[in-house]
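Asker: For reference, the file work.cif (mmCIF, C-alpha atoms and all ligand atoms) is included below:
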data_work
loop_
_atom_site.label_atom_id
_atom_site.label_comp_id
_atom_site.auth_asym_id
_atom_site.auth_seq_id
_atom_site.Cartn_x
_atom_site.Cartn_y
_atom_site.Cartn_z
CA MET A 1 -1.68 -14.54 42.36
CA LYS A 2 2.11 -14.57 42.21
CA PRO A 3 4.21 -12.09 40.25
CA VAL A 4 6.57 -13.66 37.73
CA ALA A 5 10.16 -12.45 37.58
CA LEU A 6 11.61 -11.51 34.18
CA ASN A 7 14.96 -10.94 35.92
CA ASP A 8 16.04 -9.94 39.42
CA PHE A 9 14.19 -6.58 39.40
CA ILE A 10 11.42 -6.72 36.74
CA TYR A 11 8.18 -8.61 37.37
CA TRP A 12 5.11 -9.50 35.36
CA VAL A 13 2.18 -8.37 37.52
CA GLY A 14 -0.70 -8.51 34.99
CA GLY A 15 -4.09 -10.18 35.01
CA ILE A 16 -5.23 -13.43 33.43
CA ASP A 17 -8.64 -13.33 31.74
CA TRP A 18 -9.35 -17.06 31.69
CA ASP A 19 -13.00 -16.71 30.63
CA LEU A 20 -12.65 -14.17 27.83
CA ARG A 21 -14.12 -15.58 24.64
CA ASN A 22 -14.97 -12.46 22.67
CA PHE A 23 -12.68 -9.45 22.33
CA HIS A 24 -14.83 -6.90 20.47
CA GLY A 25 -15.88 -9.49 17.94
CA TYR A 26 -12.62 -11.46 17.84
CA MET A 27 -13.16 -14.96 19.24
CA THR A 28 -10.55 -15.60 21.92
CA GLN A 29 -10.96 -19.33 22.45
CA ARG A 30 -7.84 -19.39 24.66
CA GLY A 31 -8.76 -16.35 26.76
CA SER A 32 -6.18 -13.59 27.22
CA THR A 33 -3.85 -11.80 29.59
CA TYR A 34 -3.29 -8.09 30.16
CA ASN A 35 0.40 -7.79 30.90
CA ALA A 36 1.62 -5.17 33.35
CA TYR A 37 5.30 -4.97 34.28
CA LEU A 38 6.75 -3.73 37.58
CA ILE A 39 10.31 -2.38 37.53
CA MET A 40 11.97 -2.24 40.94
CA ASP A 41 14.58 0.41 40.21
CA GLU A 42 15.25 3.54 42.27
CA LYS A 43 12.06 4.88 40.74
CA ILE A 44 9.51 2.10 41.12
CA THR A 45 7.76 1.93 37.78
CA LEU A 46 4.68 0.15 36.44
CA ILE A 47 4.23 -0.33 32.71
CA ASP A 48 0.51 -0.46 31.84
CA THR A 49 -2.35 -1.80 33.93
CA VAL A 50 -5.14 -4.31 33.26
CA LYS A 51 -8.87 -4.41 32.49
CA TYR A 52 -10.83 -2.83 35.34
CA TYR A 53 -12.17 -6.15 36.61
CA LEU A 54 -8.66 -7.58 37.06
CA TYR A 55 -7.38 -4.56 39.02
CA ASP A 56 -7.42 -6.39 42.36
CA GLU A 57 -5.51 -9.30 40.83
CA MET A 58 -2.82 -6.91 39.57
CA ILE A 59 -2.60 -5.15 42.95
CA GLU A 60 -2.27 -8.50 44.72
CA ARG A 61 0.65 -9.41 42.48
CA ILE A 62 2.35 -6.01 42.93
CA SER A 63 1.87 -6.27 46.71
CA LYS A 64 3.95 -9.46 46.77
CA VAL A 65 6.90 -7.34 45.58
CA VAL A 66 6.24 -3.85 46.97
CA ASP A 67 3.53 -1.73 48.53
CA PRO A 68 1.66 -0.42 45.43
CA GLU A 69 1.42 3.03 47.03
CA LYS A 70 5.19 3.29 46.56
CA ILE A 71 4.97 3.30 42.77
CA ASP A 72 6.73 6.43 41.49
CA ILE A 73 6.04 6.20 37.76
CA ILE A 74 3.13 4.72 35.81
CA ILE A 75 3.58 4.32 32.09
CA SER A 76 0.43 4.11 29.99
CA ASN A 77 1.57 2.77 26.65
CA HIS A 78 -1.98 2.45 25.32
CA VAL A 79 -5.34 4.03 26.04
CA GLU A 80 -7.49 1.03 25.07
CA MET A 81 -9.25 -0.04 28.23
CA ASP A 82 -7.81 -3.55 28.39
CA HIS A 83 -4.60 -1.77 29.45
CA SER A 84 -5.77 1.51 30.98
CA GLY A 85 -8.82 0.18 32.84
CA GLY A 86 -6.90 -0.06 36.12
CA LEU A 87 -5.51 3.50 35.91
CA PRO A 88 -8.25 5.46 37.70
CA LYS A 89 -8.10 3.31 40.85
CA LEU A 90 -4.32 3.05 40.74
CA LEU A 91 -3.92 6.83 40.55
CA GLU A 92 -6.23 7.16 43.55
CA LEU A 93 -3.88 4.79 45.39
CA CYS A 94 -0.70 6.64 44.37
CA PRO A 95 -1.81 10.16 43.46
CA ASN A 96 1.73 11.51 43.34
CA ALA A 97 2.97 9.00 40.78
CA MET A 98 4.18 10.46 37.50
CA LEU A 99 1.91 9.37 34.62
CA ILE A 100 3.83 8.93 31.39
CA THR A 101 2.07 8.50 28.08
CA SER A 102 2.31 9.45 24.39
CA PRO A 103 0.89 12.75 23.03
CA ASN A 104 -2.20 10.94 21.72
CA GLY A 105 -2.26 8.90 24.93
CA ALA A 106 -2.82 12.08 26.95
CA LYS A 107 -5.70 13.09 24.69
CA GLY A 108 -7.19 9.59 24.71
CA LEU A 109 -6.93 9.09 28.49
CA GLU A 110 -8.51 12.50 29.04
CA ALA A 111 -11.37 11.59 26.68
CA HIS A 112 -11.91 8.24 28.38
CA TYR A 113 -11.61 9.08 32.06
CA LYS A 114 -12.31 12.86 32.27
CA LYS A 115 -9.64 13.27 34.96
CA ASN A 116 -7.22 16.11 35.35
CA TRP A 117 -4.20 13.85 35.57
CA ASN A 118 -0.71 15.28 35.44
CA TYR A 119 0.58 13.76 32.21
CA LYS A 120 4.22 13.65 31.22
CA VAL A 121 4.22 13.17 27.48
CA MET A 122 6.91 11.16 25.65
CA LYS A 123 7.62 10.71 21.98
CA THR A 124 10.09 8.68 19.93
CA GLY A 125 13.65 9.48 21.04
CA ASP A 126 12.66 10.61 24.53
CA SER A 127 13.89 8.62 27.51
CA ILE A 128 13.70 8.61 31.27
CA SER A 129 16.13 7.37 33.89
CA LEU A 130 14.67 5.08 36.52
CA GLY A 131 17.94 5.02 38.48
CA LYS A 132 20.18 2.22 37.29
CA THR A 133 18.14 1.68 34.15
CA THR A 134 16.60 3.77 31.41
CA LEU A 135 13.41 3.56 29.36
CA GLN A 136 13.56 4.82 25.79
CA PHE A 137 10.19 5.54 24.17
CA ILE A 138 9.09 4.61 20.66
CA LEU A 139 5.73 5.79 19.34
CA GLU A 140 3.80 2.98 17.63
CA GLN A 141 1.12 5.22 16.11
CA MET A 142 -1.71 3.19 14.57
CA VAL A 143 -0.34 -0.14 15.68
CA HIS A 144 -3.18 -0.16 16.26
CA TRP A 145 -4.51 3.04 17.90
CA PRO A 146 -3.16 6.59 17.51
CA ASP A 147 -1.73 6.46 21.03
CA ASN A 148 0.22 3.16 21.12
CA MET A 149 3.75 3.43 22.44
CA ALA A 150 6.54 0.98 23.29
CA CYS A 151 9.50 1.35 25.62
CA TYR A 152 12.93 -0.21 25.45
CA MET A 153 15.34 -0.73 28.33
CA PRO A 154 18.89 -0.85 26.88
CA GLU A 155 20.47 -2.13 30.09
CA THR A 156 18.40 -5.35 29.96
CA LYS A 157 17.64 -5.33 26.20
CA ILE A 158 13.93 -5.76 26.95
CA LEU A 159 11.38 -4.24 24.57
CA PHE A 160 8.01 -3.59 26.23
CA SER A 161 6.17 -3.67 22.93
CA ASN A 162 2.56 -3.15 24.03
CA ASP A 163 0.00 -4.69 21.60
CA ALA A 164 2.61 -5.45 18.92
CA PHE A 165 3.84 -9.07 19.08
CA GLY A 166 1.00 -9.99 21.48
CA GLN A 167 -1.30 -13.01 21.47
CA HIS A 168 -4.59 -13.74 23.19
CA ILE A 169 -3.65 -16.68 25.42
CA ALA A 170 -4.68 -17.17 29.05
CA THR A 171 -2.05 -19.25 30.76
CA SER A 172 0.02 -19.39 33.93
CA GLU A 173 3.13 -19.83 31.78
CA ARG A 174 4.75 -16.53 30.88
CA PHE A 175 7.62 -17.34 28.53
CA ASP A 176 7.96 -18.88 25.08
CA THR A 177 10.23 -21.50 26.65
CA GLU A 178 7.30 -22.85 28.67
CA TYR A 179 4.39 -23.04 26.22
CA PRO A 180 3.95 -24.84 22.86
CA LEU A 181 5.55 -22.63 20.24
CA ASP A 182 3.12 -23.61 17.47
CA ILE A 183 0.20 -22.33 19.55
CA ILE A 184 1.98 -19.08 20.42
CA MET A 185 2.80 -18.51 16.75
CA TYR A 186 -0.75 -19.34 15.66
CA GLU A 187 -2.23 -16.94 18.22
CA ALA A 188 0.28 -14.22 17.25
CA LYS A 189 -0.79 -14.70 13.63
CA LYS A 190 -4.47 -14.52 14.58
CA TYR A 191 -3.78 -11.38 16.62
CA TYR A 192 -2.00 -9.75 13.69
CA ALA A 193 -4.75 -10.73 11.23
CA ASN A 194 -7.56 -9.42 13.41
CA ILE A 195 -5.96 -6.37 15.04
CA VAL A 196 -2.87 -5.13 13.22
CA LEU A 197 -3.53 -6.03 9.56
CA PRO A 198 -5.01 -2.69 8.42
CA TYR A 199 -1.87 -0.89 9.55
CA ASP A 200 0.88 -2.59 7.55
CA LYS A 201 2.75 0.61 6.67
CA GLN A 202 2.72 1.79 10.28
CA THR A 203 3.85 -1.68 11.38
CA GLN A 204 6.75 -1.53 8.93
CA LYS A 205 7.85 1.76 10.55
CA VAL A 206 7.77 0.13 13.98
CA LEU A 207 9.76 -2.80 12.62
CA ASP A 208 12.33 -0.37 11.19
CA ALA A 209 12.69 1.18 14.66
CA VAL A 210 12.89 -2.24 16.30
CA SER A 211 15.58 -3.36 13.84
CA THR A 212 17.96 -0.75 15.31
CA LEU A 213 17.63 -2.25 18.81
CA ASP A 214 19.53 -5.11 20.39
CA ILE A 215 16.62 -7.14 21.79
CA ALA A 216 16.95 -10.04 24.21
CA MET A 217 13.30 -10.18 25.21
CA ILE A 218 9.99 -8.82 23.88
CA ALA A 219 7.43 -8.29 26.62
CA PRO A 220 4.09 -7.59 24.92
CA SER A 221 0.86 -6.46 26.58
CA HIS A 222 -0.96 -9.74 25.80
CA GLY A 223 0.05 -13.35 26.21
CA ILE A 224 3.47 -14.93 26.21
CA ILE A 225 6.80 -13.10 26.58
CA TRP A 226 9.25 -13.74 23.73
CA LYS A 227 12.63 -14.88 24.98
CA ASP A 228 14.01 -17.71 22.82
CA HIS A 229 12.04 -16.84 19.66
CA VAL A 230 12.45 -13.07 19.34
CA LYS A 231 13.96 -13.39 15.88
CA ALA A 232 11.19 -15.72 14.69
CA ILE A 233 8.32 -13.43 15.69
CA VAL A 234 10.04 -10.33 14.29
CA THR A 235 10.58 -12.19 11.00
CA GLU A 236 6.90 -13.19 10.91
CA TYR A 237 5.85 -9.58 11.54
CA HIS A 238 8.03 -8.52 8.59
CA ASN A 239 6.28 -11.12 6.38
CA TRP A 240 2.79 -10.17 7.55
CA ALA A 241 3.42 -6.41 7.26
CA ALA A 242 4.73 -6.98 3.72
CA ASN A 243 1.44 -8.69 2.80
CA LYS A 244 3.29 -11.79 1.64
CA THR A 245 0.86 -14.51 0.55
CA LYS A 246 1.15 -18.20 -0.32
CA GLU A 247 -0.35 -20.17 -3.18
CA LYS A 248 -3.34 -21.10 -1.02
CA ALA A 249 -7.07 -20.77 -1.71
CA LEU A 250 -9.86 -20.19 0.78
CA ILE A 251 -13.41 -20.96 -0.23
CA ILE A 252 -15.68 -19.17 2.21
CA TYR A 253 -19.43 -19.53 1.88
CA ASP A 254 -22.81 -20.08 3.40
CA THR A 255 -25.53 -22.11 1.75
CA MET A 256 -29.33 -22.49 1.94
CA TRP A 257 -30.15 -25.73 0.09
CA ASN A 258 -26.58 -26.90 -0.64
CA SER A 259 -26.31 -25.49 -4.17
CA THR A 260 -23.73 -22.88 -3.16
CA LYS A 261 -21.96 -25.61 -1.19
CA LEU A 262 -21.78 -27.77 -4.33
CA ILE A 263 -20.22 -24.86 -6.22
CA ALA A 264 -17.77 -24.34 -3.35
CA HIS A 265 -16.63 -27.96 -3.63
CA ALA A 266 -16.29 -27.65 -7.41
CA ILE A 267 -14.08 -24.58 -6.96
CA LYS A 268 -11.97 -26.44 -4.42
CA LYS A 269 -11.47 -29.23 -6.96
CA ALA A 270 -10.38 -26.68 -9.56
CA PHE A 271 -7.68 -25.28 -7.28
CA GLU A 272 -6.48 -28.73 -6.32
CA GLU A 273 -6.19 -29.68 -9.99
CA LYS A 274 -3.82 -26.73 -10.24
CA ASN A 275 -1.91 -28.08 -7.21
CA ILE A 276 -3.01 -25.13 -5.11
CA PRO A 277 -4.06 -26.18 -1.60
CA ALA A 278 -7.65 -25.14 -0.93
CA GLN A 279 -9.62 -24.91 2.32
CA LEU A 280 -13.40 -24.81 2.68
CA TYR A 281 -15.06 -22.65 5.32
CA ASP A 282 -18.81 -22.79 5.91
CA LEU A 283 -19.65 -19.56 7.73
CA LYS A 284 -22.22 -21.42 9.82
CA THR A 285 -19.48 -23.46 11.46
CA ILE A 286 -16.44 -21.19 11.80
CA HIS A 287 -15.97 -17.75 13.24
CA ILE A 288 -14.94 -14.91 10.94
CA SER A 289 -11.94 -14.08 13.14
CA ASP A 290 -10.60 -17.61 12.63
CA ILE A 291 -11.08 -17.26 8.87
CA MET A 292 -9.12 -14.00 8.94
CA THR A 293 -6.13 -15.88 10.38
CA GLU A 294 -6.08 -17.91 7.16
CA VAL A 295 -6.76 -14.86 4.96
CA LEU A 296 -3.52 -13.34 6.31
CA ASP A 297 -1.37 -15.49 4.03
CA ALA A 298 -3.80 -16.79 1.40
CA LYS A 299 -3.55 -15.46 -2.15
CA TYR A 300 -6.94 -16.65 -3.44
CA ILE A 301 -10.12 -15.76 -1.56
CA CYS A 302 -13.39 -17.13 -2.97
CA VAL A 303 -16.61 -15.97 -1.33
CA GLY A 304 -20.00 -17.54 -2.02
CA SER A 305 -23.57 -16.77 -1.12
CA PRO A 306 -26.99 -17.71 -2.43
CA THR A 307 -29.52 -14.93 -2.83
CA LEU A 308 -31.97 -14.49 0.04
CA ASN A 309 -34.60 -11.75 -0.30
CA ASN A 310 -32.54 -9.91 -2.95
CA ASN A 311 -29.41 -9.98 -0.77
CA MET A 312 -26.43 -12.11 0.15
CA LEU A 313 -26.84 -14.11 3.33
CA PRO A 314 -26.23 -12.13 6.56
CA THR A 315 -23.36 -14.47 7.54
CA VAL A 316 -21.56 -13.67 4.28
CA ALA A 317 -22.26 -9.95 4.67
CA ALA A 318 -20.79 -10.09 8.19
CA PHE A 319 -17.62 -11.78 6.95
CA LEU A 320 -17.20 -9.32 4.08
CA THR A 321 -17.77 -6.30 6.34
CA TYR A 322 -15.18 -7.61 8.80
CA CYS A 323 -12.70 -8.50 6.06
CA LYS A 324 -13.13 -5.15 4.32
CA GLY A 325 -12.36 -3.36 7.58
CA LEU A 326 -9.16 -5.36 8.02
CA ALA A 327 -8.29 -4.55 4.39
CA PRO A 328 -6.02 -7.39 3.21
CA LYS A 329 -4.30 -6.27 0.02
CA ASN A 330 -3.14 -7.88 -3.22
CA ARG A 331 -5.47 -10.86 -3.14
CA VAL A 332 -7.24 -12.63 -6.00
CA GLY A 333 -10.99 -12.81 -5.41
CA LEU A 334 -13.79 -14.90 -6.83
CA ALA A 335 -17.51 -14.43 -6.10
CA PHE A 336 -19.93 -17.31 -6.50
CA GLY A 337 -23.37 -18.49 -5.50
CA SER A 338 -26.70 -19.95 -6.46
CA TYR A 339 -30.03 -18.23 -6.84
CA GLY A 340 -33.67 -18.90 -7.62
CA TRP A 341 -34.91 -15.78 -9.40
CA GLY A 342 -33.42 -12.38 -8.32
CA GLY A 343 -29.80 -13.54 -8.14
CA GLN A 344 -28.33 -10.33 -6.71
CA SER A 345 -25.96 -11.92 -4.19
CA VAL A 346 -23.03 -12.77 -6.45
CA ALA A 347 -22.76 -9.22 -7.81
CA GLN A 348 -23.00 -7.89 -4.26
CA VAL A 349 -20.18 -10.14 -3.08
CA GLU A 350 -18.08 -9.25 -6.10
CA ALA A 351 -18.63 -5.52 -5.47
CA VAL A 352 -17.09 -5.85 -1.99
CA LEU A 353 -14.13 -7.85 -3.31
CA ALA A 354 -13.61 -5.11 -5.93
CA GLU A 355 -13.84 -2.41 -3.23
CA MET A 356 -10.87 -4.06 -1.53
CA GLY A 357 -8.91 -3.58 -4.75
CA TRP A 358 -8.47 -7.29 -5.39
CA GLN A 359 -7.86 -8.83 -8.78
CA LEU A 360 -11.07 -10.69 -9.71
CA LEU A 361 -11.63 -14.04 -11.39
CA PRO A 362 -14.90 -14.31 -13.36
CA SER A 363 -17.77 -14.86 -10.96
CA ILE A 364 -19.83 -18.07 -10.93
CA LYS A 365 -23.60 -17.91 -10.65
CA VAL A 366 -25.91 -20.92 -10.93
CA GLN A 367 -29.71 -21.01 -10.95
CA TYR A 368 -31.22 -23.46 -8.47
CA VAL A 369 -29.31 -26.76 -8.33
CA PRO A 370 -26.11 -27.40 -10.32
CA ASP A 371 -25.83 -30.91 -11.79
CA GLU A 372 -22.61 -32.87 -12.27
CA PRO A 373 -21.90 -31.75 -15.86
CA LEU A 374 -22.40 -28.11 -14.85
CA LEU A 375 -20.15 -28.53 -11.83
CA GLY A 376 -17.50 -30.00 -14.13
CA THR A 377 -17.81 -26.90 -16.29
CA ILE A 378 -17.41 -24.67 -13.25
CA ALA A 379 -14.21 -26.44 -12.27
CA GLN A 380 -12.94 -26.01 -15.81
CA GLN A 381 -13.87 -22.29 -15.83
CA VAL A 382 -11.84 -21.60 -12.70
CA PHE A 383 -8.96 -23.76 -13.89
CA GLU A 384 -8.74 -21.89 -17.18
CA LYS A 385 -8.51 -18.54 -15.48
CA LEU A 386 -5.78 -19.45 -13.05
FE1 LIG B 1 -4.63 -4.74 23.90
FE2 LIG B 1 -5.29 -2.26 21.73
O1 LIG B 1 -5.38 -3.14 23.34
#
As a first step, turn the structure in this file into structure tokens.
Answerer:
Amino acid sequence: MKPVALNDFIYWVGGIDWDLRNFHGYMTQRGSTYNAYLIMDEKITLIDTVKYYLYDEMIERISKVVDPEKIDIIISNHVEMDHSGGLPKLLELCPNAMLITSPNGAKGLEAHYKKNWNYKVMKTGDSISLGKTTLQFILEQMVHWPDNMACYMPETKILFSNDAFGQHIATSERFDTEYPLDIIMYEAKKYYANIVLPYDKQTQKVLDAVSTLDIAMIAPSHGIIWKDHVKAIVTEYHNWAANKTKEKALIIYDTMWNSTKLIAHAIKKAFEEKNIPAQLYDLKTIHISDIMTEVLDAKYICVGSPTLNNNMLPTVAAFLTYCKGLAPKNRVGLAFGSYGWGGQSVAQVEAVLAEMGWQLLPSIKVQYVPDEPLLGTIAQQVFEKL
């Protein structure tokens, strides 16, 4: 349980959640970390805490640097309990510490913990001297809760960005110089797609604020610290927040007796004939949070379901509910599926795609089992509309 030095007076003292596989519905196959940062300035300062069950791990790490009771300032950049879960016990340990948070942070912490803590509220433009160094505060409202806040230390050029720029990765390595960059980037993309995506306008505001700073290091509240690839992750955030998509098709479906699967394959062929790369996702075999990572930069999203008891399949409904909540914009949608008699599913799928404001290609609906000539027609139909 060692702390990790960012420089000669700032330490990572967070917790590593090796076993985490589900973060409120988001599959975290690589686990996660909750990053807390200890600043050993004249005012000993802790930025964020950890989930409640990793409190002892955090305290053990802090204790290797300083007696935790000596902490003067605790900064709560985010109310969500993966970062604030350690606060109640920590404030029992150092009751005289100053607790700094955002205006919505004070309301949120009060609502969560029902404690009469002595909050010092900060907003964008406010700053505090820790002695030799300073922390400047930047509200990150709705990236992704109303209370999110970041702080920037000009003397070291470190941005403590909270959830923004984070990734769910459990690892003993702390820096982007020590871990495979393609995995960090993939997990940052998955994080954005599953957590930040609905808040593109708010993210653009944060990026505008960040663009005015000289940043040498981004220390997020999850995963790896950005040191050598700060520019790359900020550029990716600009692309994602701008809803930039590629000529790429996703064909997402579930199937009962393979008819919807046959249609899915025919649609894939149609896209490939148009030289548009297409990927098939059977909802029985892939998690919706992994599909969302691909949705983040895909222009064409095709969703298929047969009709079961007058409805789309529950797996398809779950994906569409999740996707609708994350609200990707400016996509081209296509609903498809097979049916026996009622045949309601395709219209139901299409209604959700329309609710998201997507441009729609004509839907494809086949009774019972499509044969080869019909599948050829389907491919042609899609091709003609593209
Ligand atoms: Fe990592 Fe929104 O908490």
Asker: Find the residue from A:Leu308, A:Leu93, A:Val79, A:Ala249 that sits nearest to A:Leu109; use all atoms listed in the file when measuring.
Answerer: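 Of the candidates, the smallest distance to A:Leu109 is held by A:Val79.
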Asker: Choose the residue, out of A:Gly131, A:Pro362, A:Pro373, A:Pro220, that has the smallest atom-to-atom separation from ligand LIG 1 (chain B); count only C-alpha atoms and all ligand atoms.
Answerer: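 Comparing A:Gly131, A:Pro362, A:Pro373, A:Pro220 against ligand LIG 1 (chain B), the winner is A:Pro220.
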Asker: Kindly provide, as a list of chain:residue names, all nucleotide and amino acid residues lying within 7 Å of ligand LIG 1 (chain B), counting only C-alpha atoms and all ligand atoms.
Answerer: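 For ligand LIG 1 (chain B), the residues inside 7 Å are A:His78, A:Glu80, A:Met81, A:Asp82, A:His83, A:His144, A:Trp145, A:Asp163, A:Ser221, A:His222.
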Asker: Store the residues picked out above in a file with C-alpha atoms, as a PDB file, in the coordinates of the input.
Answerer:
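What landed in result39.pdb:
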ATOM      1  CA  HIS A  78      -1.980   2.450  25.320  1.00  0.00           C
ATOM      2  CA  GLU A  80      -7.490   1.030  25.070  1.00  0.00           C
ATOM      3  CA  MET A  81      -9.250  -0.040  28.230  1.00  0.00           C
ATOM      4  CA  ASP A  82      -7.810  -3.550  28.390  1.00  0.00           C
ATOM      5  CA  HIS A  83      -4.600  -1.770  29.450  1.00  0.00           C
ATOM      6  CA  HIS A 144      -3.180  -0.160  16.260  1.00  0.00           C
ATOM      7  CA  TRP A 145      -4.510   3.040  17.900  1.00  0.00           C
ATOM      8  CA  ASP A 163       0.000  -4.690  21.600  1.00  0.00           C
ATOM      9  CA  SER A 221       0.860  -6.460  26.580  1.00  0.00           C
ATOM     10  CA  HIS A 222      -0.960  -9.740  25.800  1.00  0.00           C
TER      11      HIS A 222
END
Asker: Looking at A:Thr177, A:Thr45, A:Thr33, A:Thr28, which one is nearest to A:Ile10, with distances taken over all atoms listed in the file?
Answerer: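 Smallest distance to A:Ile10 is found for A:Thr45.
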Asker: Please determine, counting only C-alpha atoms, which residue among A:Trp18, A:Lys329, A:Ile225, A:Ile183 has the shortest atom-to-atom distance to A:Glu355.
Answerer: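 Smallest distance to A:Glu355 is found for A:Lys329.
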Asker: Go through A:Met58, A:Ile73, A:Leu262, A:Ile16 and flag the residue nearest A:Asn96, using only C-alpha atoms for the distances.
Answerer: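 Result for the nearest residue to A:Asn96: A:Ile73.
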Asker: Near A:Arg61, counting only C-alpha atoms, which residues have an atom at most 8 Å away, once you skip same-chain residues fewer than 5 positions from it, shown as a PyMOL selection string?
Answerer: chain A and resi 1-3+13-14
Asker: As a PyMOL selection string, please: the residues near A:Ile252 (cut-off 7 Å, only C-alpha atoms, same-chain neighbours under 6 positions excluded).
Answerer: chain A and resi 280-283+302-304
Asker: Extract, using all atoms listed in the file, all DNA, RNA and protein residues at most 7 Å from A:Gln380, discarding same-chain residues fewer than 4 positions from it, and format them as a PyMOL selection string.
Answerer: chain A and resi 270+376+384
Asker: Take atom CA of A:His24 and atom CA of A:Gln167 and report the distance between them in Å, one decimal.
Answerer: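 So the two atoms, atom CA of A:His24 and atom CA of A:Gln167, lie 14.9 Å apart.
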Asker: Between A:Phe383, A:Trp358, A:Tyr179, A:Tyr300, which is the closest to A:Glu247 once you count only C-alpha atoms?
Answerer: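 Residue with the minimum atom-to-atom distance to A:Glu247: A:Tyr300.
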Asker: Expressed in Å to a single decimal, how great is the separation between atom CA of A:Glu69 and atom CA of A:Leu6?
Answerer: 21.9 Å
Asker: Within 6 Å of stretch 193-210 of chain A, counting only C-alpha atoms, which residues qualify if same-chain residues fewer than 4 places away don't, as a list in words?
Answerer: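 Everything that qualifies: His144, Ala241, Met292, Thr293, Leu296, Leu326 and Ala327 of chain A.
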Asker: Mind giving me the straight-line distance from atom CA of A:Gln381 to atom CA of A:Glu350 in Å, one decimal?
Answerer: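 Here the two named atoms are 16.8 Å from each other.
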Asker: Go ahead and find all residues with at least one atom no further than 6 Å from (-31.7, -8.1, -6.2) in the file's coordinates, using all atoms listed in the file; report them as a ChimeraX atom specification.
Answerer: /A:310,342,344
Asker: Tell me which protein, DNA and RNA residues are within 7 Å of A:Val50, counting only C-alpha atoms, leaving out same-chain ones fewer than 5 positions away, and put them as a VMD selection string.
Answerer: chain A and resid 14 to 15 34 to 36 55 82 to 86
Asker: How big is the axis-aligned box around the listed atoms of stretch 229-240 of chain A once 4 Å is added on each side, and where is its centre? Give both in Å to one decimal, as AutoDock Vina command-line options.
Answerer:
--center_x 8.4 --center_y -12.7 --center_z 13.0 --size_x 19.2 --size_y 16.3 --size_z 21.3
Asker: Please rebuild stretch 155-166 of chain A with N, CA and C atoms and return the result as a PDB file, in the coordinates of the input.
Answerer:
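What follows is the written file out.pdb:
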ATOM      1  N   GLU A 155      19.638  -1.398  29.125  1.00  0.00           N
ATOM      2  CA  GLU A 155      20.470  -2.130  30.090  1.00  0.00           C
ATOM      3  C   GLU A 155      20.106  -3.613  30.166  1.00  0.00           C
ATOM      4  N   THR A 156      18.848  -3.943  29.908  1.00  0.00           N
ATOM      5  CA  THR A 156      18.400  -5.350  29.960  1.00  0.00           C
ATOM      6  C   THR A 156      18.058  -5.888  28.566  1.00  0.00           C
ATOM      7  N   LYS A 157      18.020  -4.975  27.578  1.00  0.00           N
ATOM      8  CA  LYS A 157      17.640  -5.330  26.200  1.00  0.00           C
ATOM      9  C   LYS A 157      16.203  -5.865  26.129  1.00  0.00           C
ATOM     10  N   ILE A 158      15.342  -5.345  26.998  1.00  0.00           N
ATOM     11  CA  ILE A 158      13.930  -5.760  26.950  1.00  0.00           C
ATOM     12  C   ILE A 158      13.129  -4.693  26.222  1.00  0.00           C
ATOM     13  N   LEU A 159      12.323  -5.135  25.248  1.00  0.00           N
ATOM     14  CA  LEU A 159      11.380  -4.240  24.570  1.00  0.00           C
ATOM     15  C   LEU A 159       9.992  -4.507  25.140  1.00  0.00           C
ATOM     16  N   PHE A 160       9.402  -3.497  25.768  1.00  0.00           N
ATOM     17  CA  PHE A 160       8.010  -3.590  26.230  1.00  0.00           C
ATOM     18  C   PHE A 160       7.167  -3.075  25.062  1.00  0.00           C
ATOM     19  N   SER A 161       6.658  -4.010  24.277  1.00  0.00           N
ATOM     20  CA  SER A 161       6.170  -3.670  22.930  1.00  0.00           C
ATOM     21  C   SER A 161       4.699  -3.298  22.876  1.00  0.00           C
ATOM     22  N   ASN A 162       4.003  -3.390  23.997  1.00  0.00           N
ATOM     23  CA  ASN A 162       2.560  -3.150  24.030  1.00  0.00           C
ATOM     24  C   ASN A 162       1.834  -4.144  23.114  1.00  0.00           C
ATOM     25  N   ASP A 163       0.811  -3.711  22.349  1.00  0.00           N
ATOM     26  CA  ASP A 163       0.000  -4.690  21.600  1.00  0.00           C
ATOM     27  C   ASP A 163       0.816  -5.456  20.550  1.00  0.00           C
ATOM     28  N   ALA A 164       1.803  -4.784  19.958  1.00  0.00           N
ATOM     29  CA  ALA A 164       2.610  -5.450  18.920  1.00  0.00           C
ATOM     30  C   ALA A 164       3.264  -6.698  19.503  1.00  0.00           C
ATOM     31  N   PHE A 165       3.252  -7.761  18.719  1.00  0.00           N
ATOM     32  CA  PHE A 165       3.840  -9.070  19.080  1.00  0.00           C
ATOM     33  C   PHE A 165       3.030  -9.824  20.151  1.00  0.00           C
ATOM     34  N   GLY A 166       1.821  -9.332  20.463  1.00  0.00           N
ATOM     35  CA  GLY A 166       1.000  -9.990  21.480  1.00  0.00           C
ATOM     36  C   GLY A 166       0.194 -11.154  20.930  1.00  0.00           C
TER      37      GLY A 166
END
